[in-house]
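Have a look at entry19.pdb; it's PDB, C-alpha atoms, pLDDT in the B column:
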ATOM      1  CA  MET A1290      23.878  98.631 148.820  1.00 81.00           C
ATOM      2  CA  ASN A1291      22.912  96.242 151.635  1.00 85.00           C
ATOM      3  CA  ILE A1292      25.661  93.680 152.329  1.00 91.00           C
ATOM      4  CA  GLY A1293      23.229  90.776 151.977  1.00 91.00           C
ATOM      5  CA  ILE A1294      22.079  91.891 148.536  1.00 91.00           C
ATOM      6  CA  SER A1295      25.705  92.579 147.562  1.00 92.00           C
ATOM      7  CA  ILE A1296      26.685  89.021 148.450  1.00 90.00           C
ATOM      8  CA  LEU A1297      23.657  87.559 146.655  1.00 92.00           C
ATOM      9  CA  LEU A1298      24.291  89.496 143.433  1.00 91.00           C
ATOM     10  CA  SER A1299      27.998  88.650 143.560  1.00 93.00           C
ATOM     11  CA  LEU A1300      27.284  84.946 144.028  1.00 92.00           C
ATOM     12  CA  LEU A1301      24.891  85.044 141.069  1.00 92.00           C
ATOM     13  CA  LEU A1302      27.599  86.697 138.969  1.00 91.00           C
ATOM     14  CA  GLY A1303      30.049  84.067 140.172  1.00 90.00           C
ATOM     15  CA  LEU A1304      27.589  81.320 139.223  1.00 91.00           C
ATOM     16  CA  LEU A1305      27.289  82.798 135.725  1.00 88.00           C
ATOM     17  CA  ALA A1306      31.070  82.849 135.383  1.00 87.00           C
ATOM     18  CA  PHE A1307      31.235  79.248 136.635  1.00 87.00           C
ATOM     19  CA  LEU A1308      28.576  78.021 134.190  1.00 86.00           C
ATOM     20  CA  LYS A1309      30.327  79.811 131.314  1.00 83.00           C
ATOM     21  CA  LYS A1310      33.668  78.332 132.449  1.00 85.00           C
ATOM     22  CA  ALA A1311      35.056  81.841 132.173  1.00 84.00           C
ATOM     23  CA  LEU A1312      37.328  81.768 135.241  1.00 88.00           C
ATOM     24  CA  THR A1313      39.620  79.410 137.092  1.00 91.00           C
ATOM     25  CA  ILE A1314      38.502  78.581 140.645  1.00 92.00           C
ATOM     26  CA  PRO A1315      41.007  80.982 142.355  1.00 93.00           C
ATOM     27  CA  ALA A1316      40.023  83.718 139.874  1.00 92.00           C
ATOM     28  CA  LEU A1317      36.340  83.004 140.503  1.00 92.00           C
ATOM     29  CA  ILE A1318      36.755  83.350 144.278  1.00 94.00           C
ATOM     30  CA  LEU A1319      38.641  86.649 143.950  1.00 95.00           C
ATOM     31  CA  ALA A1320      36.109  87.958 141.400  1.00 94.00           C
ATOM     32  CA  VAL A1321      33.251  87.276 143.835  1.00 95.00           C
ATOM     33  CA  ILE A1322      35.147  89.042 146.638  1.00 96.00           C
ATOM     34  CA  PHE A1323      35.838  92.065 144.411  1.00 96.00           C
ATOM     35  CA  SER A1324      32.201  92.056 143.314  1.00 96.00           C
ATOM     36  CA  ILE A1325      30.980  92.153 146.929  1.00 96.00           C
ATOM     37  CA  PHE A1326      33.168  95.192 147.630  1.00 96.00           C
ATOM     38  CA  ILE A1327      32.002  96.886 144.418  1.00 96.00           C
ATOM     39  CA  ALA A1328      28.289  96.263 145.010  1.00 96.00           C
ATOM     40  CA  ASN A1329      28.381  97.096 148.713  1.00 96.00           C
ATOM     41  CA  TYR A1330      30.540 100.223 148.451  1.00 96.00           C
ATOM     42  CA  GLY A1331      29.549 101.503 145.005  1.00 96.00           C
ATOM     43  CA  GLY A1332      25.883 100.527 144.820  1.00 95.00           C
ATOM     44  CA  LEU A1333      23.779  98.952 142.097  1.00 95.00           C
ATOM     45  CA  THR A1334      25.112 101.103 139.248  1.00 96.00           C
ATOM     46  CA  SER A1335      28.708 100.179 140.069  1.00 96.00           C
ATOM     47  CA  PHE A1336      27.709  96.516 140.084  1.00 96.00           C
ATOM     48  CA  ILE A1337      25.976  96.930 136.704  1.00 96.00           C
ATOM     49  CA  ILE A1338      29.180  98.460 135.310  1.00 97.00           C
ATOM     50  CA  LEU A1339      31.108  95.410 136.534  1.00 96.00           C
ATOM     51  CA  LEU A1340      28.496  93.103 135.015  1.00 95.00           C
ATOM     52  CA  VAL A1341      28.691  94.866 131.627  1.00 95.00           C
ATOM     53  CA  VAL A1342      32.499  94.603 131.596  1.00 94.00           C
ATOM     54  CA  PHE A1343      32.260  90.893 132.432  1.00 91.00           C
ATOM     55  CA  LEU A1344      29.586  90.210 129.821  1.00 89.00           C
ATOM     56  CA  GLY A1345      31.567  92.167 127.251  1.00 86.00           C
ATOM     57  CA  SER A1346      34.518  89.803 127.625  1.00 80.00           C
ATOM     58  CA  ILE A1347      32.227  86.799 127.104  1.00 79.00           C
ATOM     59  CA  ILE A1348      30.047  88.065 124.254  1.00 75.00           C
ATOM     60  CA  THR A1349      32.909  89.292 122.068  1.00 68.00           C
ATOM     61  CA  LYS A1350      34.641  85.908 122.262  1.00 64.00           C
ATOM     62  CA  VAL A1351      31.432  84.194 121.163  1.00 59.00           C
ATOM     63  CA  PHE A1352      31.422  86.229 117.943  1.00 58.00           C
ATOM     64  CA  ASN A1353      35.191  86.067 117.482  1.00 57.00           C
ATOM     65  CA  LYS A1354      35.918  82.411 116.760  1.00 56.00           C
ATOM     66  CA  SER A1355      39.640  83.113 116.337  1.00 54.00           C
ATOM     67  CA  LYS A1356      39.895  83.931 120.048  1.00 58.00           C
ATOM     68  CA  LYS A1357      40.411  80.869 122.204  1.00 58.00           C
ATOM     69  CA  SER A1358      37.965  80.720 125.084  1.00 62.00           C
ATOM     70  CA  GLU A1359      40.536  80.314 127.840  1.00 72.00           C
ATOM     71  CA  LYS A1360      39.593  80.622 131.475  1.00 79.00           C
ATOM     72  CA  ARG A1361      40.715  83.870 133.043  1.00 85.00           C
ATOM     73  CA  LYS A1362      43.285  83.467 135.777  1.00 88.00           C
ATOM     74  CA  LEU A1363      43.775  85.185 139.141  1.00 91.00           C
ATOM     75  CA  ILE A1364      46.246  87.738 137.762  1.00 92.00           C
ATOM     76  CA  GLN A1365      43.786  88.746 135.038  1.00 91.00           C
ATOM     77  CA  ILE A1366      41.102  89.564 137.613  1.00 93.00           C
ATOM     78  CA  ILE A1367      43.595  91.672 139.556  1.00 94.00           C
ATOM     79  CA  SER A1368      44.762  93.414 136.366  1.00 94.00           C
ATOM     80  CA  ASN A1369      41.286  94.307 135.111  1.00 93.00           C
ATOM     81  CA  VAL A1370      39.257  94.851 138.287  1.00 95.00           C
ATOM     82  CA  GLY A1371      41.820  95.479 141.045  1.00 96.00           C
ATOM     83  CA  ILE A1372      42.257  99.240 140.527  1.00 97.00           C
ATOM     84  CA  GLY A1373      38.509  99.696 140.134  1.00 96.00           C
ATOM     85  CA  THR A1374      37.868  97.881 143.411  1.00 97.00           C
ATOM     86  CA  LEU A1375      40.553  99.966 145.121  1.00 97.00           C
ATOM     87  CA  SER A1376      38.822 103.130 143.891  1.00 97.00           C
ATOM     88  CA  LEU A1377      35.569 102.125 145.603  1.00 97.00           C
ATOM     89  CA  ILE A1378      37.360 101.190 148.826  1.00 97.00           C
ATOM     90  CA  ILE A1379      38.847 104.705 148.856  1.00 96.00           C
ATOM     91  CA  PHE A1380      35.373 106.088 148.106  1.00 96.00           C
ATOM     92  CA  LYS A1381      33.987 104.206 151.117  1.00 96.00           C
ATOM     93  CA  ILE A1382      36.695 105.692 153.353  1.00 96.00           C
ATOM     94  CA  THR A1383      36.643 109.274 152.034  1.00 95.00           C
ATOM     95  CA  ARG A1384      33.027 109.541 150.757  1.00 94.00           C
ATOM     96  CA  ASP A1385      34.523 111.579 147.909  1.00 94.00           C
ATOM     97  CA  ASN A1386      32.444 111.090 144.739  1.00 94.00           C
ATOM     98  CA  LEU A1387      35.608 111.573 142.696  1.00 95.00           C
ATOM     99  CA  TYR A1388      36.418 107.907 143.314  1.00 96.00           C
ATOM    100  CA  LEU A1389      33.062 106.788 141.943  1.00 96.00           C
ATOM    101  CA  LEU A1390      34.009 108.654 138.767  1.00 97.00           C
ATOM    102  CA  ILE A1391      37.488 107.095 138.777  1.00 97.00           C
ATOM    103  CA  TYR A1392      35.965 103.628 139.243  1.00 97.00           C
ATOM    104  CA  ALA A1393      33.748 104.107 136.183  1.00 97.00           C
ATOM    105  CA  SER A1394      36.668 105.507 134.172  1.00 97.00           C
ATOM    106  CA  VAL A1395      38.968 102.612 135.033  1.00 97.00           C
ATOM    107  CA  MET A1396      36.280 100.056 134.225  1.00 97.00           C
ATOM    108  CA  ALA A1397      35.567 101.904 130.968  1.00 97.00           C
ATOM    109  CA  GLU A1398      39.231 101.378 130.094  1.00 96.00           C
ATOM    110  CA  SER A1399      38.976  97.651 130.854  1.00 95.00           C
ATOM    111  CA  LEU A1400      35.934  97.262 128.613  1.00 95.00           C
ATOM    112  CA  ALA A1401      37.419  99.478 125.893  1.00 95.00           C
ATOM    113  CA  ASP A1402      40.596  97.406 125.811  1.00 94.00           C
ATOM    114  CA  THR A1403      38.661  94.129 125.705  1.00 91.00           C
ATOM    115  CA  LEU A1404      36.459  95.280 122.838  1.00 92.00           C
ATOM    116  CA  ALA A1405      39.405  96.759 120.928  1.00 92.00           C
ATOM    117  CA  SER A1406      41.269  93.467 121.209  1.00 88.00           C
ATOM    118  CA  ASP A1407      38.441  91.015 120.528  1.00 87.00           C
ATOM    119  CA  ILE A1408      36.525  92.967 117.906  1.00 89.00           C
ATOM    120  CA  GLY A1409      39.554  94.599 116.308  1.00 85.00           C
ATOM    121  CA  THR A1410      40.860  91.236 115.123  1.00 85.00           C
ATOM    122  CA  LEU A1411      37.683  90.864 113.027  1.00 85.00           C
ATOM    123  CA  SER A1412      38.793  93.742 110.809  1.00 85.00           C
ATOM    124  CA  LYS A1413      39.384  92.750 107.180  1.00 85.00           C
ATOM    125  CA  LYS A1414      42.256  95.220 106.962  1.00 88.00           C
ATOM    126  CA  GLU A1415      45.678  94.564 108.469  1.00 90.00           C
ATOM    127  CA  PRO A1416      46.280  96.519 111.686  1.00 92.00           C
ATOM    128  CA  ILE A1417      49.140  98.951 112.110  1.00 93.00           C
ATOM    129  CA  ASN A1418      51.547  99.298 114.998  1.00 93.00           C
ATOM    130  CA  ILE A1419      50.553 102.321 117.087  1.00 95.00           C
ATOM    131  CA  LEU A1420      54.163 103.544 117.355  1.00 94.00           C
ATOM    132  CA  THR A1421      55.802 102.588 114.053  1.00 91.00           C
ATOM    133  CA  LEU A1422      52.616 102.836 111.929  1.00 91.00           C
ATOM    134  CA  LYS A1423      53.815  99.730 110.077  1.00 91.00           C
ATOM    135  CA  LYS A1424      51.424  96.900 109.251  1.00 89.00           C
ATOM    136  CA  GLY A1425      51.453  94.104 111.801  1.00 85.00           C
ATOM    137  CA  GLU A1426      49.749  90.913 112.857  1.00 84.00           C
ATOM    138  CA  LYS A1427      46.177  90.807 114.097  1.00 84.00           C
ATOM    139  CA  GLY A1428      45.764  90.283 117.830  1.00 83.00           C
ATOM    140  CA  LEU A1429      49.292  91.347 118.738  1.00 88.00           C
ATOM    141  CA  SER A1430      49.530  93.959 121.482  1.00 90.00           C
ATOM    142  CA  GLY A1431      50.428  97.375 120.130  1.00 91.00           C
ATOM    143  CA  ASN A1432      48.661  96.853 116.813  1.00 93.00           C
ATOM    144  CA  ILE A1433      45.466  98.814 116.200  1.00 94.00           C
ATOM    145  CA  SER A1434      42.707  98.987 113.597  1.00 93.00           C
ATOM    146  CA  MET A1435      39.903 101.423 112.886  1.00 94.00           C
ATOM    147  CA  LEU A1436      37.371  98.745 113.841  1.00 94.00           C
ATOM    148  CA  GLY A1437      39.147  98.162 117.145  1.00 93.00           C
ATOM    149  CA  LEU A1438      39.345 101.881 117.907  1.00 95.00           C
ATOM    150  CA  THR A1439      35.638 102.282 117.143  1.00 95.00           C
ATOM    151  CA  ALA A1440      34.745  99.344 119.397  1.00 94.00           C
ATOM    152  CA  SER A1441      36.926 100.842 122.122  1.00 96.00           C
ATOM    153  CA  LEU A1442      35.134 104.192 121.913  1.00 96.00           C
ATOM    154  CA  ILE A1443      31.698 102.525 121.973  1.00 96.00           C
ATOM    155  CA  GLY A1444      32.665 100.553 125.094  1.00 96.00           C
ATOM    156  CA  SER A1445      33.786 103.739 126.822  1.00 97.00           C
ATOM    157  CA  ILE A1446      30.579 105.543 125.903  1.00 97.00           C
ATOM    158  CA  LEU A1447      28.492 102.626 127.204  1.00 97.00           C
ATOM    159  CA  ILE A1448      30.078 102.728 130.658  1.00 97.00           C
ATOM    160  CA  ALA A1449      29.822 106.535 130.700  1.00 97.00           C
ATOM    161  CA  LEU A1450      26.097 106.350 129.930  1.00 98.00           C
ATOM    162  CA  ILE A1451      25.492 103.805 132.701  1.00 97.00           C
ATOM    163  CA  TYR A1452      27.258 106.128 135.153  1.00 97.00           C
ATOM    164  CA  TYR A1453      25.333 109.142 133.801  1.00 97.00           C
ATOM    165  CA  ILE A1454      21.943 107.436 134.192  1.00 96.00           C
ATOM    166  CA  GLY A1455      22.584 105.696 137.501  1.00 95.00           C
ATOM    167  CA  ILE A1456      24.877 107.977 139.500  1.00 94.00           C
ATOM    168  CA  GLU A1457      25.384 111.514 138.186  1.00 91.00           C
ATOM    169  CA  ARG A1458      23.563 113.236 135.350  1.00 93.00           C
ATOM    170  CA  ASN A1459      26.514 115.417 134.514  1.00 94.00           C
ATOM    171  CA  ILE A1460      27.760 115.907 130.957  1.00 96.00           C
ATOM    172  CA  THR A1461      31.285 116.700 132.155  1.00 95.00           C
ATOM    173  CA  SER A1462      31.507 113.370 134.003  1.00 96.00           C
ATOM    174  CA  LEU A1463      30.151 111.555 130.948  1.00 97.00           C
ATOM    175  CA  ILE A1464      32.872 113.098 128.779  1.00 97.00           C
ATOM    176  CA  ILE A1465      35.598 112.375 131.340  1.00 97.00           C
ATOM    177  CA  ILE A1466      34.676 108.681 131.570  1.00 97.00           C
ATOM    178  CA  THR A1467      34.412 108.328 127.797  1.00 97.00           C
ATOM    179  CA  LEU A1468      37.773 109.983 127.163  1.00 97.00           C
ATOM    180  CA  SER A1469      39.434 108.121 130.045  1.00 97.00           C
ATOM    181  CA  GLY A1470      38.295 104.754 128.764  1.00 96.00           C
ATOM    182  CA  PHE A1471      39.378 105.480 125.209  1.00 97.00           C
ATOM    183  CA  LEU A1472      42.671 107.090 126.282  1.00 96.00           C
ATOM    184  CA  GLY A1473      43.379 104.134 128.569  1.00 95.00           C
ATOM    185  CA  SER A1474      42.948 101.780 125.639  1.00 96.00           C
ATOM    186  CA  ILE A1475      45.416 103.858 123.604  1.00 96.00           C
ATOM    187  CA  ILE A1476      47.880 103.829 126.514  1.00 96.00           C
ATOM    188  CA  ASP A1477      47.470 100.049 126.697  1.00 96.00           C
ATOM    189  CA  SER A1478      48.402  99.762 123.006  1.00 95.00           C
ATOM    190  CA  ILE A1479      51.422 102.052 123.422  1.00 96.00           C
ATOM    191  CA  LEU A1480      52.711 100.037 126.377  1.00 96.00           C
ATOM    192  CA  GLY A1481      51.956  96.821 124.513  1.00 94.00           C
ATOM    193  CA  SER A1482      54.080  97.970 121.596  1.00 94.00           C
ATOM    194  CA  ALA A1483      56.888  99.604 123.572  1.00 95.00           C
ATOM    195  CA  ILE A1484      57.589  97.388 126.577  1.00 95.00           C
ATOM    196  CA  GLN A1485      55.481  94.210 126.529  1.00 95.00           C
ATOM    197  CA  VAL A1486      57.483  91.044 125.965  1.00 94.00           C
ATOM    198  CA  LYS A1487      57.157  89.374 122.556  1.00 93.00           C
ATOM    199  CA  TYR A1488      58.339  85.997 121.349  1.00 92.00           C
ATOM    200  CA  LYS A1489      59.095  84.484 117.939  1.00 90.00           C
ATOM    201  CA  CYS A1490      58.058  81.053 116.747  1.00 89.00           C
ATOM    202  CA  GLU A1491      60.931  79.157 115.083  1.00 85.00           C
ATOM    203  CA  LYS A1492      58.549  77.018 113.044  1.00 83.00           C
ATOM    204  CA  CYS A1493      56.303  79.670 111.436  1.00 87.00           C
ATOM    205  CA  ASN A1494      58.346  82.836 112.216  1.00 84.00           C
ATOM    206  CA  LYS A1495      55.260  84.471 113.719  1.00 87.00           C
ATOM    207  CA  ILE A1496      55.666  87.091 116.461  1.00 88.00           C
ATOM    208  CA  THR A1497      53.517  86.143 119.436  1.00 88.00           C
ATOM    209  CA  GLU A1498      52.882  86.906 123.098  1.00 88.00           C
ATOM    210  CA  LYS A1499      52.881  83.200 123.958  1.00 87.00           C
ATOM    211  CA  LYS A1500      55.842  81.209 125.302  1.00 87.00           C
ATOM    212  CA  GLU A1501      54.696  78.294 123.146  1.00 87.00           C
ATOM    213  CA  HIS A1502      53.545  78.285 119.516  1.00 86.00           C
ATOM    214  CA  CYS A1503      53.055  75.535 116.935  1.00 86.00           C
ATOM    215  CA  GLY A1504      53.604  73.060 119.759  1.00 82.00           C
ATOM    216  CA  LYS A1505      57.120  74.340 120.453  1.00 87.00           C
ATOM    217  CA  LYS A1506      58.757  76.752 122.862  1.00 90.00           C
ATOM    218  CA  THR A1507      59.185  80.230 121.386  1.00 91.00           C
ATOM    219  CA  ASN A1508      62.292  82.418 121.532  1.00 91.00           C
ATOM    220  CA  TYR A1509      62.510  85.846 123.172  1.00 92.00           C
ATOM    221  CA  TYR A1510      62.125  88.566 120.527  1.00 91.00           C
ATOM    222  CA  LYS A1511      61.708  91.999 122.169  1.00 92.00           C
ATOM    223  CA  GLY A1512      60.296  93.886 125.169  1.00 92.00           C
ATOM    224  CA  ILE A1513      60.853  93.616 128.900  1.00 93.00           C
ATOM    225  CA  LYS A1514      60.742  89.930 129.797  1.00 92.00           C
ATOM    226  CA  TRP A1515      58.656  90.271 132.970  1.00 92.00           C
ATOM    227  CA  ILE A1516      56.048  92.603 131.454  1.00 93.00           C
ATOM    228  CA  ASP A1517      53.226  90.608 129.894  1.00 93.00           C
ATOM    229  CA  ASN A1518      49.742  91.595 128.741  1.00 93.00           C
ATOM    230  CA  ASN A1519      48.315  91.287 132.266  1.00 93.00           C
ATOM    231  CA  LEU A1520      50.817  93.764 133.692  1.00 95.00           C
ATOM    232  CA  VAL A1521      50.197  96.125 130.757  1.00 95.00           C
ATOM    233  CA  ASN A1522      46.458  96.036 131.546  1.00 95.00           C
ATOM    234  CA  LEU A1523      47.173  96.788 135.208  1.00 96.00           C
ATOM    235  CA  LEU A1524      49.527  99.654 134.319  1.00 96.00           C
ATOM    236  CA  SER A1525      46.951 101.166 131.967  1.00 96.00           C
ATOM    237  CA  ASN A1526      44.300 101.143 134.702  1.00 96.00           C
ATOM    238  CA  LEU A1527      46.785 102.554 137.197  1.00 96.00           C
ATOM    239  CA  ILE A1528      47.790 105.389 134.860  1.00 96.00           C
ATOM    240  CA  ILE A1529      44.145 106.410 134.377  1.00 96.00           C
ATOM    241  CA  PHE A1530      43.656 106.237 138.165  1.00 96.00           C
ATOM    242  CA  ILE A1531      46.682 108.491 138.782  1.00 96.00           C
ATOM    243  CA  ILE A1532      45.806 110.990 136.038  1.00 95.00           C
ATOM    244  CA  LEU A1533      42.242 111.482 137.318  1.00 95.00           C
ATOM    245  CA  ASN A1534      43.224 111.403 140.975  1.00 92.00           C
ATOM    246  CA  TYR A1535      45.639 114.298 140.559  1.00 89.00           C
ATOM    247  CA  SER A1536      43.972 116.287 137.773  1.00 87.00           C
ATOM    248  CA  LEU A1537      40.463 116.392 139.297  1.00 80.00           C
ATOM    249  CA  ILE A1538      41.314 117.086 142.932  1.00 65.00           C
TER     250      ILE A1538
END

Can you dump the structure from the file as structure tokens?
Amino acid sequence: MNIGISILLSLLLGLLAFLKKALTIPALILAVIFSIFIANYGGLTSFIILLVVFLGSIITKVFNKSKKSEKRKLIQIISNVGIGTLSLIIFKITRDNLYLLIYASVMAESLADTLASDIGTLSKKEPINILTLKKGEKGLSGNISMLGLTASLIGSILIALIYYIGIERNITSLIIITLSGFLGSIIDSILGSAIQVKYKCEKCNKITEKKEHCGKKTNYYKGIKWIDNNLVNLLSNLIIFIILNYSLI
């Protein structure tokens, strides 16, 4: 895509994010920069994929009132879009269409994880921990529900269809992107359960991912202290990138 059009579309996306108060200023600047790379190197379809992932994170929070509408920070942009942007930079250098496929797969994982998290908490049934299979709290990393898994699969299929229509009408690629997005979401849940740091609130005894709860500082409960949800998201994207990069060459 022409650099001028790439900048224009990215600024419009940035304006939308600004009006929705979806990002902090540093995160907004980085998101626009990433968007320019994505649109310029990956073309219109790649930009549309980015737009759908962004809109997905906004729309689901509108319907899910239990989710606080906090502005996304710099690290969250890196965690959810960084690997995808890297894929298109490699595509620009190598002109290997594999990295267009990897970009779509990584972004499918980002959307799948967002939908699983935001829509999954709307389930009337208690979620279960993906590793222990014991019932757990809604919204806690590592806990899954049938509604969340379904939303995750739908998100993956959506990105796969956009890629199929706009870039490559290939059933194999459609399946790869769908499975990659869904698998990435599962990997995210496994990492969230196994290694992500968790805290416990002294006041209500609730397990949480926050350092503060009920207006008080929480106590360390389990997990690796420096691995939070943002790093888990980044690791999930990176794992999908590595799996596809070495299995499809």

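Closest approach to Leu1317 in chain A among A:Leu1340, A:Ile1366, A:Leu1333, A:Leu1377: A:Ile1366, based on only C-alpha atoms.
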
Quiz item: When you draw a straight line from CA of Leu1523 in chain A to CA of Ser1474 in chain A, how long is it in Å?
Solution: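 Distance reported for this atom pair: 11.6 Å.
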
Practice problem: Pull out every residue that the PyMOL selection byres ((chain A and resi 1360) around 6) matches in the shown coordinates and put them as a PyMOL selection string. | Solution: chain A and resi 1311-1313+1359+1361

Selected residues written out, C-alpha atoms, as an mmCIF file, keeping the file's coordinate frame:
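The resulting selection.cif:
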data_model
loop_
_atom_site.group_PDB
_atom_site.id
_atom_site.type_symbol
_atom_site.label_atom_id
_atom_site.label_comp_id
_atom_site.auth_asym_id
_atom_site.auth_seq_id
_atom_site.Cartn_x
_atom_site.Cartn_y
_atom_site.Cartn_z
ATOM 1 C CA ALA A 1311 35.056 81.841 132.173
ATOM 2 C CA LEU A 1312 37.328 81.768 135.241
ATOM 3 C CA THR A 1313 39.620 79.410 137.092
ATOM 4 C CA GLU A 1359 40.536 80.314 127.840
ATOM 5 C CA ARG A 1361 40.715 83.870 133.043
#

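The list of residues with at least one atom within 12 Å of Leu1300 in chain A, based on all atoms listed in the file and without residues fewer than 4 positions apart in the same chain, reads Gly1293, Ile1294, Ser1295, Ile1296, Leu1304, Leu1305, Ala1306, Phe1307, Leu1317, Ile1318, Leu1319, Ala1320, Val1321, Ile1322, Phe1323, Ser1324, Ile1325 and Ala1328 of chain A.
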
As AutoDock Vina command-line options, what would the box around range 1456-1460 of chain A look like: edges along x, y and z, 3 Å added on every side, centre and edge lengths in Å to one decimal?
--center_x 25.7 --center_y 111.9 --center_z 135.2 --size_x 10.2 --size_y 13.9 --size_z 14.5

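Every residue that the PyMOL selection byres ((chain A and resi 1334) around 7) selects in this file is listed here: Gly1332, Leu1333, Ser1335, Phe1336, Ile1337, Ile1338, Tyr1452, Gly1455 and Ile1456 of chain A.
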
Quiz prompt | Distance in Å - CA of Phe1326 in chain A versus CA of Asn1291 in chain A | solution =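 CA of Asn1291 in chain A lies at a distance of 11.1 Å from CA of Phe1326 in chain A.
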
Quiz item: Suppose you want the space between CA of Gly1504 in chain A and CA of Thr1403 in chain A; what is it in Å?
Solution: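 Between CA of Gly1504 in chain A and CA of Thr1403 in chain A the gap works out to 26.5 Å.
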
Tell me which residues the PyMOL selection byres ((chain A and resi 1434) around 8) grabs here, as a compact mmCIF listing (two decimals) with C-alpha atoms, in the coordinates of the input.
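For reference, expr_35.txt as written:
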# COMPACT_ATOMS: atom_id res chain seq x y z
CA GLY A 1409 39.55 94.60 116.31
CA SER A 1412 38.79 93.74 110.81
CA LYS A 1414 42.26 95.22 106.96
CA GLU A 1415 45.68 94.56 108.47
CA PRO A 1416 46.28 96.52 111.69
CA ILE A 1417 49.14 98.95 112.11
CA ASN A 1432 48.66 96.85 116.81
CA ILE A 1433 45.47 98.81 116.20
CA MET A 1435 39.90 101.42 112.89
CA LEU A 1436 37.37 98.74 113.84
CA GLY A 1437 39.15 98.16 117.14
CA LEU A 1438 39.34 101.88 117.91

Polymer residues at most 12 Å from Ala1483 in chain A, only C-alpha atoms, same-chain spacing of 2 or more positions, as a PDB file with C-alpha atoms, in the coordinates of the input:
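Listing of result_32.pdb after writing:
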ATOM      1  CA  ASN A1418      51.547  99.298 114.998  1.00 93.00           C
ATOM      2  CA  ILE A1419      50.553 102.321 117.087  1.00 95.00           C
ATOM      3  CA  LEU A1420      54.163 103.544 117.355  1.00 94.00           C
ATOM      4  CA  THR A1421      55.802 102.588 114.053  1.00 91.00           C
ATOM      5  CA  SER A1430      49.530  93.959 121.482  1.00 90.00           C
ATOM      6  CA  GLY A1431      50.428  97.375 120.130  1.00 91.00           C
ATOM      7  CA  ASN A1432      48.661  96.853 116.813  1.00 93.00           C
ATOM      8  CA  ILE A1476      47.880 103.829 126.514  1.00 96.00           C
ATOM      9  CA  ASP A1477      47.470 100.049 126.697  1.00 96.00           C
ATOM     10  CA  SER A1478      48.402  99.762 123.006  1.00 95.00           C
ATOM     11  CA  ILE A1479      51.422 102.052 123.422  1.00 96.00           C
ATOM     12  CA  LEU A1480      52.711 100.037 126.377  1.00 96.00           C
ATOM     13  CA  GLY A1481      51.956  96.821 124.513  1.00 94.00           C
ATOM     14  CA  GLN A1485      55.481  94.210 126.529  1.00 95.00           C
ATOM     15  CA  VAL A1486      57.483  91.044 125.965  1.00 94.00           C
ATOM     16  CA  LYS A1487      57.157  89.374 122.556  1.00 93.00           C
ATOM     17  CA  LYS A1511      61.708  91.999 122.169  1.00 92.00           C
ATOM     18  CA  GLY A1512      60.296  93.886 125.169  1.00 92.00           C
ATOM     19  CA  ILE A1513      60.853  93.616 128.900  1.00 93.00           C
ATOM     20  CA  ILE A1516      56.048  92.603 131.454  1.00 93.00           C
ATOM     21  CA  ASP A1517      53.226  90.608 129.894  1.00 93.00           C
ATOM     22  CA  ASN A1518      49.742  91.595 128.741  1.00 93.00           C
ATOM     23  CA  VAL A1521      50.197  96.125 130.757  1.00 95.00           C
TER      24      VAL A1521
END

Quiz item: Looking at all atoms listed in the file, which of A:Leu1404, A:Val1395, A:Leu1463, A:Ile1443 is the one that sits closest to Leu1344 in chain A?
Solution: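 Once distances to Leu1344 in chain A are computed over all atoms listed in the file, the minimum belongs to A:Leu1404.
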
Practice problem: Pick out the residues sitting within 7 Å of range 1387-1392 of chain A, and hand them over as number ranges by chain; count only C-alpha atoms, and ignore anything fewer than 3 positions along from it in its own chain. | Solution: A: 1373, 1376-1377, 1379-1380, 1395-1396, 1530, 1533

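If you measure from each of A:Tyr1488, A:Tyr1453, A:Gly1331, A:Tyr1509 to Asp1385 in chain A using only C-alpha atoms, the closest one turns out to be A:Gly1331.
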
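Take the candidates A:Ala1440, A:Leu1472, A:Ile1348, A:Leu1422 and check each one against Ile1529 in chain A using only C-alpha atoms; the shortest distance goes to A:Leu1472.
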
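Nearest-residue note for Lys1499 in chain A: choosing from A:Ile1364, A:Leu1429, A:Ile1475, A:Ile1528, the minimum distance belongs to A:Leu1429, counting only C-alpha atoms.
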
Quiz item: Can you tell me, as a VMD selection string, what residues are no more than 7 Å from Ile1372 in chain A when counting all atoms listed in the file, ignoring any on the same chain fewer than 3 positions away?
Solution: chain A and resid 1375 to 1376 1526 to 1527

Keeping only C-alpha atoms, take the residues you just selected and write them out as a compact mmCIF listing (two decimals), in the coordinates of the input.
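again20.txt, freshly written:
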# COMPACT_ATOMS: atom_id res chain seq x y z
CA LEU A 1375 40.55 99.97 145.12
CA SER A 1376 38.82 103.13 143.89
CA ASN A 1526 44.30 101.14 134.70
CA LEU A 1527 46.78 102.55 137.20

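Counting only C-alpha atoms and comparing A:Arg1384, A:Ser1445, A:Thr1507, A:Ser1394, the residue that lies closest to Lys1489 in chain A is A:Thr1507.
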